[in-house]
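The structure file data-v6.tsv is reproduced below (TSV, N, CA and C atoms).
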chain	number	residue	atom	x	y	z
J	685	MET	N	-13.46	6.54	-23.15
J	685	MET	CA	-12.13	7.06	-23.35
J	685	MET	C	-11.12	6.14	-22.65
J	686	SER	N	-10.07	5.80	-23.33
J	686	SER	CA	-9.03	4.94	-22.77
J	686	SER	C	-8.09	5.77	-21.90
J	687	ASP	N	-7.71	5.18	-20.78
J	687	ASP	CA	-6.75	5.88	-19.93
J	687	ASP	C	-5.39	5.21	-19.97
J	688	SER	N	-5.16	4.38	-20.98
J	688	SER	CA	-3.89	3.66	-21.05
J	688	SER	C	-2.70	4.61	-21.23
J	689	TYR	N	-2.93	5.81	-21.71
J	689	TYR	CA	-1.81	6.74	-21.87
J	689	TYR	C	-1.20	7.12	-20.52
J	690	TYR	N	-1.90	6.92	-19.43
J	690	TYR	CA	-1.36	7.22	-18.11
J	690	TYR	C	-0.14	6.36	-17.81
J	691	GLU	N	-0.04	5.22	-18.49
J	691	GLU	CA	1.03	4.27	-18.22
J	691	GLU	C	2.31	4.57	-19.00
J	692	PHE	N	2.31	5.60	-19.83
J	692	PHE	CA	3.49	5.96	-20.61
J	692	PHE	C	4.39	6.89	-19.81
J	693	GLY	N	5.65	6.94	-20.22
J	693	GLY	CA	6.62	7.83	-19.59
J	693	GLY	C	7.63	7.05	-18.79
J	694	THR	N	8.56	7.78	-18.23
J	694	THR	CA	9.58	7.15	-17.41
J	694	THR	C	8.97	6.68	-16.09
J	695	ALA	N	9.71	5.87	-15.38
J	695	ALA	CA	9.24	5.41	-14.07
J	695	ALA	C	8.99	6.60	-13.15
J	696	ALA	N	9.87	7.59	-13.19
J	696	ALA	CA	9.70	8.77	-12.34
J	696	ALA	C	8.44	9.54	-12.71
J	697	GLU	N	8.17	9.67	-14.01
J	697	GLU	CA	6.96	10.38	-14.45
J	697	GLU	C	5.70	9.62	-14.03
J	698	ARG	N	5.73	8.31	-14.15
J	698	ARG	CA	4.56	7.51	-13.75
J	698	ARG	C	4.36	7.55	-12.24
J	699	TRP	N	5.46	7.54	-11.49
J	699	TRP	CA	5.37	7.65	-10.03
J	699	TRP	C	4.70	8.97	-9.64
J	700	GLU	N	5.15	10.05	-10.27
J	700	GLU	CA	4.57	11.37	-9.99
J	700	GLU	C	3.09	11.40	-10.39
J	701	ARG	N	2.78	10.87	-11.56
J	701	ARG	CA	1.40	10.83	-12.05
J	701	ARG	C	0.51	10.02	-11.10
J	702	ALA	N	1.01	8.89	-10.65
J	702	ALA	CA	0.23	8.06	-9.72
J	702	ALA	C	-0.04	8.83	-8.43
J	703	GLY	N	0.95	9.57	-7.97
J	703	GLY	CA	0.75	10.39	-6.77
J	703	GLY	C	-0.31	11.45	-6.96
J	704	PHE	N	-0.34	12.07	-8.14
J	704	PHE	CA	-1.38	13.06	-8.43
J	704	PHE	C	-2.77	12.43	-8.38
J	705	PHE	N	-2.91	11.26	-9.00
J	705	PHE	CA	-4.21	10.60	-9.00
J	705	PHE	C	-4.59	10.14	-7.60
J	706	PHE	N	-3.63	9.65	-6.84
J	706	PHE	CA	-3.90	9.24	-5.47
J	706	PHE	C	-4.38	10.44	-4.65
J	707	ASP	N	-3.66	11.55	-4.76
J	707	ASP	CA	-4.03	12.76	-4.02
J	707	ASP	C	-5.40	13.28	-4.42
J	708	ALA	N	-5.79	13.04	-5.68
J	708	ALA	CA	-7.11	13.45	-6.16
J	708	ALA	C	-8.19	12.42	-5.82
J	709	LYS	N	-7.81	11.40	-5.05
J	709	LYS	CA	-8.73	10.33	-4.64
J	709	LYS	C	-9.24	9.50	-5.82
J	710	GLU	N	-8.45	9.47	-6.87
J	710	GLU	CA	-8.72	8.61	-8.04
J	710	GLU	C	-7.91	7.33	-7.84
J	711	TYR	N	-8.33	6.55	-6.86
J	711	TYR	CA	-7.53	5.41	-6.42
J	711	TYR	C	-7.42	4.32	-7.48
J	712	GLY	N	-8.47	4.09	-8.24
J	712	GLY	CA	-8.42	3.07	-9.29
J	712	GLY	C	-7.39	3.41	-10.36
J	713	THR	N	-7.37	4.66	-10.79
J	713	THR	CA	-6.40	5.08	-11.80
J	713	THR	C	-4.99	5.02	-11.23
J	714	ALA	N	-4.83	5.47	-10.00
J	714	ALA	CA	-3.51	5.38	-9.36
J	714	ALA	C	-3.04	3.93	-9.29
J	715	ALA	N	-3.95	3.02	-8.96
J	715	ALA	CA	-3.59	1.60	-8.86
J	715	ALA	C	-3.18	1.04	-10.21
J	716	ARG	N	-3.86	1.44	-11.27
J	716	ARG	CA	-3.49	0.96	-12.61
J	716	ARG	C	-2.07	1.40	-12.98
J	717	ILE	N	-1.76	2.64	-12.68
J	717	ILE	CA	-0.41	3.14	-12.97
J	717	ILE	C	0.62	2.43	-12.10
J	718	LEU	N	0.32	2.32	-10.82
J	718	LEU	CA	1.26	1.73	-9.88
J	718	LEU	C	1.47	0.25	-10.12
J	719	GLY	N	0.44	-0.45	-10.59
J	719	GLY	CA	0.59	-1.88	-10.87
J	719	GLY	C	1.69	-2.13	-11.88
J	720	GLY	N	1.72	-1.33	-12.94
J	720	GLY	CA	2.78	-1.46	-13.93
J	720	GLY	C	4.14	-1.08	-13.37
J	721	LEU	N	4.15	-0.05	-12.56
J	721	LEU	CA	5.40	0.42	-11.96
J	721	LEU	C	5.98	-0.63	-11.00
J	722	VAL	N	5.11	-1.24	-10.21
J	722	VAL	CA	5.55	-2.27	-9.27
J	722	VAL	C	6.11	-3.47	-10.03
J	723	ALA	N	5.47	-3.82	-11.14
J	723	ALA	CA	5.97	-4.94	-11.95
J	723	ALA	C	7.35	-4.62	-12.52
J	724	GLU	N	7.57	-3.36	-12.82
J	724	GLU	CA	8.84	-2.93	-13.41
J	724	GLU	C	9.97	-2.85	-12.39
J	725	VAL	N	9.64	-2.40	-11.18
J	725	VAL	CA	10.66	-2.24	-10.13
J	725	VAL	C	10.18	-2.93	-8.84
J	726	PRO	N	10.08	-4.26	-8.85
J	726	PRO	CA	9.51	-4.97	-7.70
J	726	PRO	C	10.31	-4.82	-6.41
J	727	GLU	N	11.57	-4.45	-6.52
J	727	GLU	CA	12.40	-4.30	-5.32
J	727	GLU	C	12.12	-3.00	-4.57
J	728	GLN	N	11.44	-2.06	-5.21
J	728	GLN	CA	11.14	-0.77	-4.58
J	728	GLN	C	9.91	-0.89	-3.67
J	729	VAL	N	10.05	-0.45	-2.44
J	729	VAL	CA	8.97	-0.56	-1.46
J	729	VAL	C	7.93	0.55	-1.63
J	730	ALA	N	8.35	1.76	-1.93
J	730	ALA	CA	7.43	2.91	-1.96
J	730	ALA	C	6.29	2.74	-2.97
J	731	PRO	N	6.55	2.35	-4.22
J	731	PRO	CA	5.42	2.18	-5.15
J	731	PRO	C	4.45	1.09	-4.71
J	732	ARG	N	4.98	0.01	-4.15
J	732	ARG	CA	4.12	-1.08	-3.69
J	732	ARG	C	3.28	-0.63	-2.49
J	733	LEU	N	3.86	0.16	-1.62
J	733	LEU	CA	3.12	0.66	-0.47
J	733	LEU	C	2.02	1.61	-0.91
J	734	LEU	N	2.30	2.48	-1.87
J	734	LEU	CA	1.26	3.38	-2.38
J	734	LEU	C	0.19	2.58	-3.12
J	735	LEU	N	0.58	1.53	-3.83
J	735	LEU	CA	-0.40	0.66	-4.49
J	735	LEU	C	-1.31	0.02	-3.44
J	736	ALA	N	-0.74	-0.46	-2.36
J	736	ALA	CA	-1.54	-1.05	-1.28
J	736	ALA	C	-2.51	-0.02	-0.71
J	737	ARG	N	-2.06	1.20	-0.54
J	737	ARG	CA	-2.94	2.26	-0.02
J	737	ARG	C	-4.07	2.56	-1.01
J	738	ALA	N	-3.75	2.57	-2.30
J	738	ALA	CA	-4.79	2.80	-3.32
J	738	ALA	C	-5.83	1.68	-3.26
J	739	TYR	N	-5.37	0.44	-3.15
J	739	TYR	CA	-6.30	-0.68	-3.03
J	739	TYR	C	-7.14	-0.56	-1.76
J	740	TYR	N	-6.51	-0.20	-0.65
J	740	TYR	CA	-7.22	-0.05	0.62
J	740	TYR	C	-8.33	0.99	0.50
J	741	HIS	N	-8.01	2.13	-0.06
J	741	HIS	CA	-8.99	3.21	-0.17
J	741	HIS	C	-10.09	2.90	-1.18
J	742	SER	N	-9.82	2.00	-2.11
J	742	SER	CA	-10.87	1.62	-3.07
J	742	SER	C	-11.57	0.34	-2.62
J	743	ALA	N	-11.33	-0.08	-1.38
J	743	ALA	CA	-11.95	-1.25	-0.76
J	743	ALA	C	-11.60	-2.56	-1.46
J	744	SER	N	-10.45	-2.61	-2.11
J	744	SER	CA	-9.93	-3.87	-2.67
J	744	SER	C	-9.01	-4.46	-1.60
J	745	LEU	N	-9.63	-4.93	-0.53
J	745	LEU	CA	-8.86	-5.29	0.66
J	745	LEU	C	-7.98	-6.51	0.47
J	746	GLY	N	-8.42	-7.47	-0.31
J	746	GLY	CA	-7.58	-8.64	-0.58
J	746	GLY	C	-6.31	-8.26	-1.32
J	747	ARG	N	-6.46	-7.39	-2.29
J	747	ARG	CA	-5.29	-6.91	-3.04
J	747	ARG	C	-4.38	-6.08	-2.15
J	748	ALA	N	-4.98	-5.24	-1.30
J	748	ALA	CA	-4.17	-4.44	-0.38
J	748	ALA	C	-3.37	-5.36	0.54
J	749	GLU	N	-4.02	-6.38	1.07
J	749	GLU	CA	-3.33	-7.33	1.95
J	749	GLU	C	-2.15	-7.99	1.23
J	750	THR	N	-2.38	-8.43	-0.01
J	750	THR	CA	-1.32	-9.08	-0.78
J	750	THR	C	-0.11	-8.16	-0.95
J	751	GLU	N	-0.36	-6.91	-1.31
J	751	GLU	CA	0.74	-5.96	-1.52
J	751	GLU	C	1.45	-5.64	-0.21
J	752	LEU	N	0.69	-5.50	0.86
J	752	LEU	CA	1.30	-5.18	2.16
J	752	LEU	C	2.17	-6.34	2.64
J	753	ARG	N	1.71	-7.55	2.44
J	753	ARG	CA	2.54	-8.71	2.83
J	753	ARG	C	3.81	-8.77	1.98
J	754	ALA	N	3.71	-8.38	0.71
J	754	ALA	CA	4.91	-8.34	-0.15
J	754	ALA	C	5.89	-7.28	0.35
J	755	VAL	N	5.38	-6.14	0.78
J	755	VAL	CA	6.25	-5.10	1.35
J	755	VAL	C	6.96	-5.65	2.58
J	756	LEU	N	6.20	-6.33	3.44
J	756	LEU	CA	6.78	-6.83	4.69
J	756	LEU	C	7.75	-7.98	4.46
J	757	GLU	N	7.60	-8.71	3.38
J	757	GLU	CA	8.61	-9.73	3.04
J	757	GLU	C	9.94	-9.06	2.73
J	758	ARG	N	9.88	-7.91	2.08
J	758	ARG	CA	11.10	-7.19	1.70
J	758	ARG	C	11.66	-6.36	2.85
J	759	ASP	N	10.77	-5.84	3.69
J	759	ASP	CA	11.18	-4.94	4.77
J	759	ASP	C	10.32	-5.23	6.00
J	760	PRO	N	10.67	-6.25	6.79
J	760	PRO	CA	9.83	-6.67	7.93
J	760	PRO	C	9.64	-5.61	9.01
J	761	VAL	N	10.48	-4.59	9.04
J	761	VAL	CA	10.35	-3.56	10.07
J	761	VAL	C	9.69	-2.28	9.54
J	762	GLU	N	9.04	-2.35	8.40
J	762	GLU	CA	8.31	-1.20	7.84
J	762	GLU	C	7.02	-1.03	8.66
J	763	HIS	N	7.09	-0.13	9.65
J	763	HIS	CA	5.97	-0.03	10.60
J	763	HIS	C	4.68	0.44	9.94
J	764	TYR	N	4.76	1.31	8.94
J	764	TYR	CA	3.53	1.79	8.30
J	764	TYR	C	2.83	0.66	7.56
J	765	ALA	N	3.59	-0.23	6.93
J	765	ALA	CA	2.99	-1.39	6.26
J	765	ALA	C	2.31	-2.29	7.29
J	766	ARG	N	2.92	-2.45	8.45
J	766	ARG	CA	2.29	-3.25	9.52
J	766	ARG	C	0.99	-2.59	9.98
J	767	LEU	N	1.01	-1.27	10.15
J	767	LEU	CA	-0.20	-0.55	10.55
J	767	LEU	C	-1.29	-0.72	9.50
J	768	MET	N	-0.93	-0.52	8.23
J	768	MET	CA	-1.92	-0.67	7.15
J	768	MET	C	-2.45	-2.10	7.08
J	769	LEU	N	-1.58	-3.07	7.27
J	769	LEU	CA	-2.02	-4.47	7.24
J	769	LEU	C	-3.00	-4.71	8.38
J	770	GLY	N	-2.70	-4.18	9.56
J	770	GLY	CA	-3.63	-4.31	10.68
J	770	GLY	C	-4.98	-3.69	10.37
J	771	ARG	N	-4.99	-2.50	9.80
J	771	ARG	CA	-6.25	-1.83	9.45
J	771	ARG	C	-7.01	-2.60	8.36
J	772	THR	N	-6.25	-3.15	7.40
J	772	THR	CA	-6.87	-3.93	6.33
J	772	THR	C	-7.53	-5.18	6.89
J	773	LEU	N	-6.83	-5.86	7.79
J	773	LEU	CA	-7.39	-7.06	8.41
J	773	LEU	C	-8.61	-6.72	9.25
J	774	GLU	N	-8.57	-5.58	9.94
J	774	GLU	CA	-9.75	-5.13	10.71
J	774	GLU	C	-10.95	-4.97	9.80
J	775	ARG	N	-10.75	-4.30	8.67
J	775	ARG	CA	-11.86	-4.06	7.74
J	775	ARG	C	-12.40	-5.36	7.16
J	776	GLN	N	-11.58	-6.41	7.17
J	776	GLN	CA	-12.03	-7.71	6.69
J	776	GLN	C	-12.65	-8.54	7.82
J	777	GLY	N	-12.73	-7.98	9.01
J	777	GLY	CA	-13.32	-8.69	10.14
J	777	GLY	C	-12.39	-9.73	10.77
J	778	ARG	N	-11.10	-9.58	10.59
J	778	ARG	CA	-10.11	-10.53	11.10
J	778	ARG	C	-9.35	-9.87	12.26
J	779	GLN	N	-10.08	-9.61	13.33
J	779	GLN	CA	-9.56	-8.80	14.43
J	779	GLN	C	-8.36	-9.42	15.13
J	780	ALA	N	-8.36	-10.72	15.36
J	780	ALA	CA	-7.23	-11.34	16.07
J	780	ALA	C	-5.93	-11.15	15.27
J	781	GLU	N	-5.99	-11.37	13.96
J	781	GLU	CA	-4.82	-11.15	13.11
J	781	GLU	C	-4.44	-9.67	13.10
J	782	ALA	N	-5.45	-8.82	13.05
J	782	ALA	CA	-5.22	-7.37	13.02
J	782	ALA	C	-4.50	-6.92	14.28
J	783	ASP	N	-4.95	-7.42	15.43
J	783	ASP	CA	-4.35	-7.00	16.70
J	783	ASP	C	-2.85	-7.29	16.73
J	784	THR	N	-2.46	-8.44	16.22
J	784	THR	CA	-1.03	-8.79	16.18
J	784	THR	C	-0.25	-7.77	15.36
J	785	GLN	N	-0.76	-7.46	14.18
J	785	GLN	CA	-0.07	-6.51	13.30
J	785	GLN	C	-0.04	-5.11	13.90
J	786	LEU	N	-1.14	-4.72	14.53
J	786	LEU	CA	-1.20	-3.38	15.12
J	786	LEU	C	-0.24	-3.25	16.30
J	787	ARG	N	-0.10	-4.32	17.09
J	787	ARG	CA	0.87	-4.29	18.19
J	787	ARG	C	2.30	-4.20	17.65
J	788	LEU	N	2.58	-4.98	16.61
J	788	LEU	CA	3.91	-4.91	15.99
J	788	LEU	C	4.18	-3.51	15.44
J	789	ALA	N	3.19	-2.92	14.79
J	789	ALA	CA	3.35	-1.57	14.23
J	789	ALA	C	3.65	-0.57	15.33
J	790	ALA	N	2.93	-0.68	16.44
J	790	ALA	CA	3.16	0.24	17.56
J	790	ALA	C	4.57	0.07	18.12
J	791	ALA	N	5.00	-1.16	18.27
J	791	ALA	CA	6.35	-1.42	18.80
J	791	ALA	C	7.42	-0.89	17.84
J	792	LEU	N	7.23	-1.11	16.56
J	792	LEU	CA	8.22	-0.66	15.57
J	792	LEU	C	8.29	0.85	15.46
J	793	SER	N	7.18	1.52	15.73
J	793	SER	CA	7.17	2.98	15.63
J	793	SER	C	7.63	3.63	16.94
J	794	GLY	N	7.81	2.82	17.98
J	794	GLY	CA	8.21	3.36	19.27
J	794	GLY	C	7.06	3.77	20.15
J	795	ASP	N	5.83	3.55	19.68
J	795	ASP	CA	4.63	3.90	20.44
J	795	ASP	C	4.22	2.70	21.29
J	796	LEU	N	4.76	2.64	22.49
J	796	LEU	CA	4.51	1.49	23.35
J	796	LEU	C	3.34	1.71	24.29
J	797	GLY	N	2.60	2.76	24.10
J	797	GLY	CA	1.43	3.02	24.93
J	797	GLY	C	1.79	3.74	26.21
J	798	PRO	N	0.80	3.82	27.13
J	798	PRO	CA	1.03	4.54	28.39
J	798	PRO	C	2.09	3.84	29.24
J	799	ALA	N	2.85	4.66	29.94
J	799	ALA	CA	3.93	4.12	30.79
J	799	ALA	C	3.39	3.58	32.08
Please, can you express the file's structure as structure tokens?
Amino acid sequence: MSDSYYEFGTAAERWERAGFFFDAKEYGTAARILGGLVAEVPEQVAPRLLLARAYYHSASLGRAETELRAVLERDPVEHYARLMLGRTLERQGRQAEADTQLRLAAALSGDLGPA
């Protein structure tokens, strides 16, 4: 059965649909919907961030990293993207790079650790 019909509708309808699939842990389907949406509205951070999360949860770590870096190019102070990038790098065994991103995420969120 083809699932290409998921990609039809307005951007708002596809965004909502992608969220439903993500919430249902259907990360691959959510990523397919979000990929088209991101191509359509590349300036929007939220769809790209959800796409990165879908890739992360489906263990497509290289793709997740690419999307997270794109988010951070557009919004360098997006602390959740920094946190996700740190976690993605950790899962790839790149701890030194991960530590840098995780420290930045903590600083951006105001979580500076124990006083």
Looking only at alpha helix (DSSP H) from DSSP on the backbone, list the matching residues of chain J as a PyMOL selection string. chain J and resi 695-707+711-724+729-741+745-758+763-775+779-793
Can you work out the spacing between CA of Thr772 in chain J and CA of Pro760 in chain J in Å, to one decimal? 17.0 Å
Can you list, as a PyMOL selection string, every protein, DNA or RNA residue that comes within 7 Å of range 725-737 of chain J when you count all atoms listed in the file, leaving out same-chain residues fewer than 2 positions away? chain J and resi 714-715+718-723+739-742+747-749+751-752+755
Let me see the file: selected residues, N, CA and C atoms, as a PDB file, in the coordinates of the input.
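Saved as selection_2.pdb:
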ATOM      1  N   ALA J 714      -4.830   5.470 -10.000  1.00  0.00           N
ATOM      2  CA  ALA J 714      -3.510   5.380  -9.360  1.00  0.00           C
ATOM      3  C   ALA J 714      -3.040   3.930  -9.290  1.00  0.00           C
ATOM      4  N   ALA J 715      -3.950   3.020  -8.960  1.00  0.00           N
ATOM      5  CA  ALA J 715      -3.590   1.600  -8.860  1.00  0.00           C
ATOM      6  C   ALA J 715      -3.180   1.040 -10.210  1.00  0.00           C
ATOM      7  N   LEU J 718       0.320   2.320 -10.820  1.00  0.00           N
ATOM      8  CA  LEU J 718       1.260   1.730  -9.880  1.00  0.00           C
ATOM      9  C   LEU J 718       1.470   0.250 -10.120  1.00  0.00           C
ATOM     10  N   GLY J 719       0.440  -0.450 -10.590  1.00  0.00           N
ATOM     11  CA  GLY J 719       0.590  -1.880 -10.870  1.00  0.00           C
ATOM     12  C   GLY J 719       1.690  -2.130 -11.880  1.00  0.00           C
ATOM     13  N   GLY J 720       1.720  -1.330 -12.940  1.00  0.00           N
ATOM     14  CA  GLY J 720       2.780  -1.460 -13.930  1.00  0.00           C
ATOM     15  C   GLY J 720       4.140  -1.080 -13.370  1.00  0.00           C
ATOM     16  N   LEU J 721       4.150  -0.050 -12.560  1.00  0.00           N
ATOM     17  CA  LEU J 721       5.400   0.420 -11.960  1.00  0.00           C
ATOM     18  C   LEU J 721       5.980  -0.630 -11.000  1.00  0.00           C
ATOM     19  N   VAL J 722       5.110  -1.240 -10.210  1.00  0.00           N
ATOM     20  CA  VAL J 722       5.550  -2.270  -9.270  1.00  0.00           C
ATOM     21  C   VAL J 722       6.110  -3.470 -10.030  1.00  0.00           C
ATOM     22  N   ALA J 723       5.470  -3.820 -11.140  1.00  0.00           N
ATOM     23  CA  ALA J 723       5.970  -4.940 -11.950  1.00  0.00           C
ATOM     24  C   ALA J 723       7.350  -4.620 -12.520  1.00  0.00           C
ATOM     25  N   TYR J 739      -5.370   0.440  -3.150  1.00  0.00           N
ATOM     26  CA  TYR J 739      -6.300  -0.680  -3.030  1.00  0.00           C
ATOM     27  C   TYR J 739      -7.140  -0.560  -1.760  1.00  0.00           C
ATOM     28  N   TYR J 740      -6.510  -0.200  -0.650  1.00  0.00           N
ATOM     29  CA  TYR J 740      -7.220  -0.050   0.620  1.00  0.00           C
ATOM     30  C   TYR J 740      -8.330   0.990   0.500  1.00  0.00           C
ATOM     31  N   HIS J 741      -8.010   2.130  -0.060  1.00  0.00           N
ATOM     32  CA  HIS J 741      -8.990   3.210  -0.170  1.00  0.00           C
ATOM     33  C   HIS J 741     -10.090   2.900  -1.180  1.00  0.00           C
ATOM     34  N   SER J 742      -9.820   2.000  -2.110  1.00  0.00           N
ATOM     35  CA  SER J 742     -10.870   1.620  -3.070  1.00  0.00           C
ATOM     36  C   SER J 742     -11.570   0.340  -2.620  1.00  0.00           C
ATOM     37  N   ARG J 747      -6.460  -7.390  -2.290  1.00  0.00           N
ATOM     38  CA  ARG J 747      -5.290  -6.910  -3.040  1.00  0.00           C
ATOM     39  C   ARG J 747      -4.380  -6.080  -2.150  1.00  0.00           C
ATOM     40  N   ALA J 748      -4.980  -5.240  -1.300  1.00  0.00           N
ATOM     41  CA  ALA J 748      -4.170  -4.440  -0.380  1.00  0.00           C
ATOM     42  C   ALA J 748      -3.370  -5.360   0.540  1.00  0.00           C
ATOM     43  N   GLU J 749      -4.020  -6.380   1.070  1.00  0.00           N
ATOM     44  CA  GLU J 749      -3.330  -7.330   1.950  1.00  0.00           C
ATOM     45  C   GLU J 749      -2.150  -7.990   1.230  1.00  0.00           C
ATOM     46  N   GLU J 751      -0.360  -6.910  -1.310  1.00  0.00           N
ATOM     47  CA  GLU J 751       0.740  -5.960  -1.520  1.00  0.00           C
ATOM     48  C   GLU J 751       1.450  -5.640  -0.210  1.00  0.00           C
ATOM     49  N   LEU J 752       0.690  -5.500   0.860  1.00  0.00           N
ATOM     50  CA  LEU J 752       1.300  -5.180   2.160  1.00  0.00           C
ATOM     51  C   LEU J 752       2.170  -6.340   2.640  1.00  0.00           C
ATOM     52  N   VAL J 755       5.380  -6.140   0.780  1.00  0.00           N
ATOM     53  CA  VAL J 755       6.250  -5.100   1.350  1.00  0.00           C
ATOM     54  C   VAL J 755       6.960  -5.650   2.580  1.00  0.00           C
TER      55      VAL J 755
END
Go through J:Thr784, J:Ser793, J:Thr713, J:Thr694 one by one, measure the shortest atom-to-atom distance of each to Val761 in chain J using only N, CA and C atoms, and give the residue with the smallest value. J:Ser793
So the first atom is atom N of Gln785 in chain J and the second is atom C of Gly746 in chain J; what is the distance between them in Å, to one decimal place?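 Taking atom N of Gln785 in chain J as the start and atom C of Gly746 in chain J as the end point, the length is 16.5 Å.
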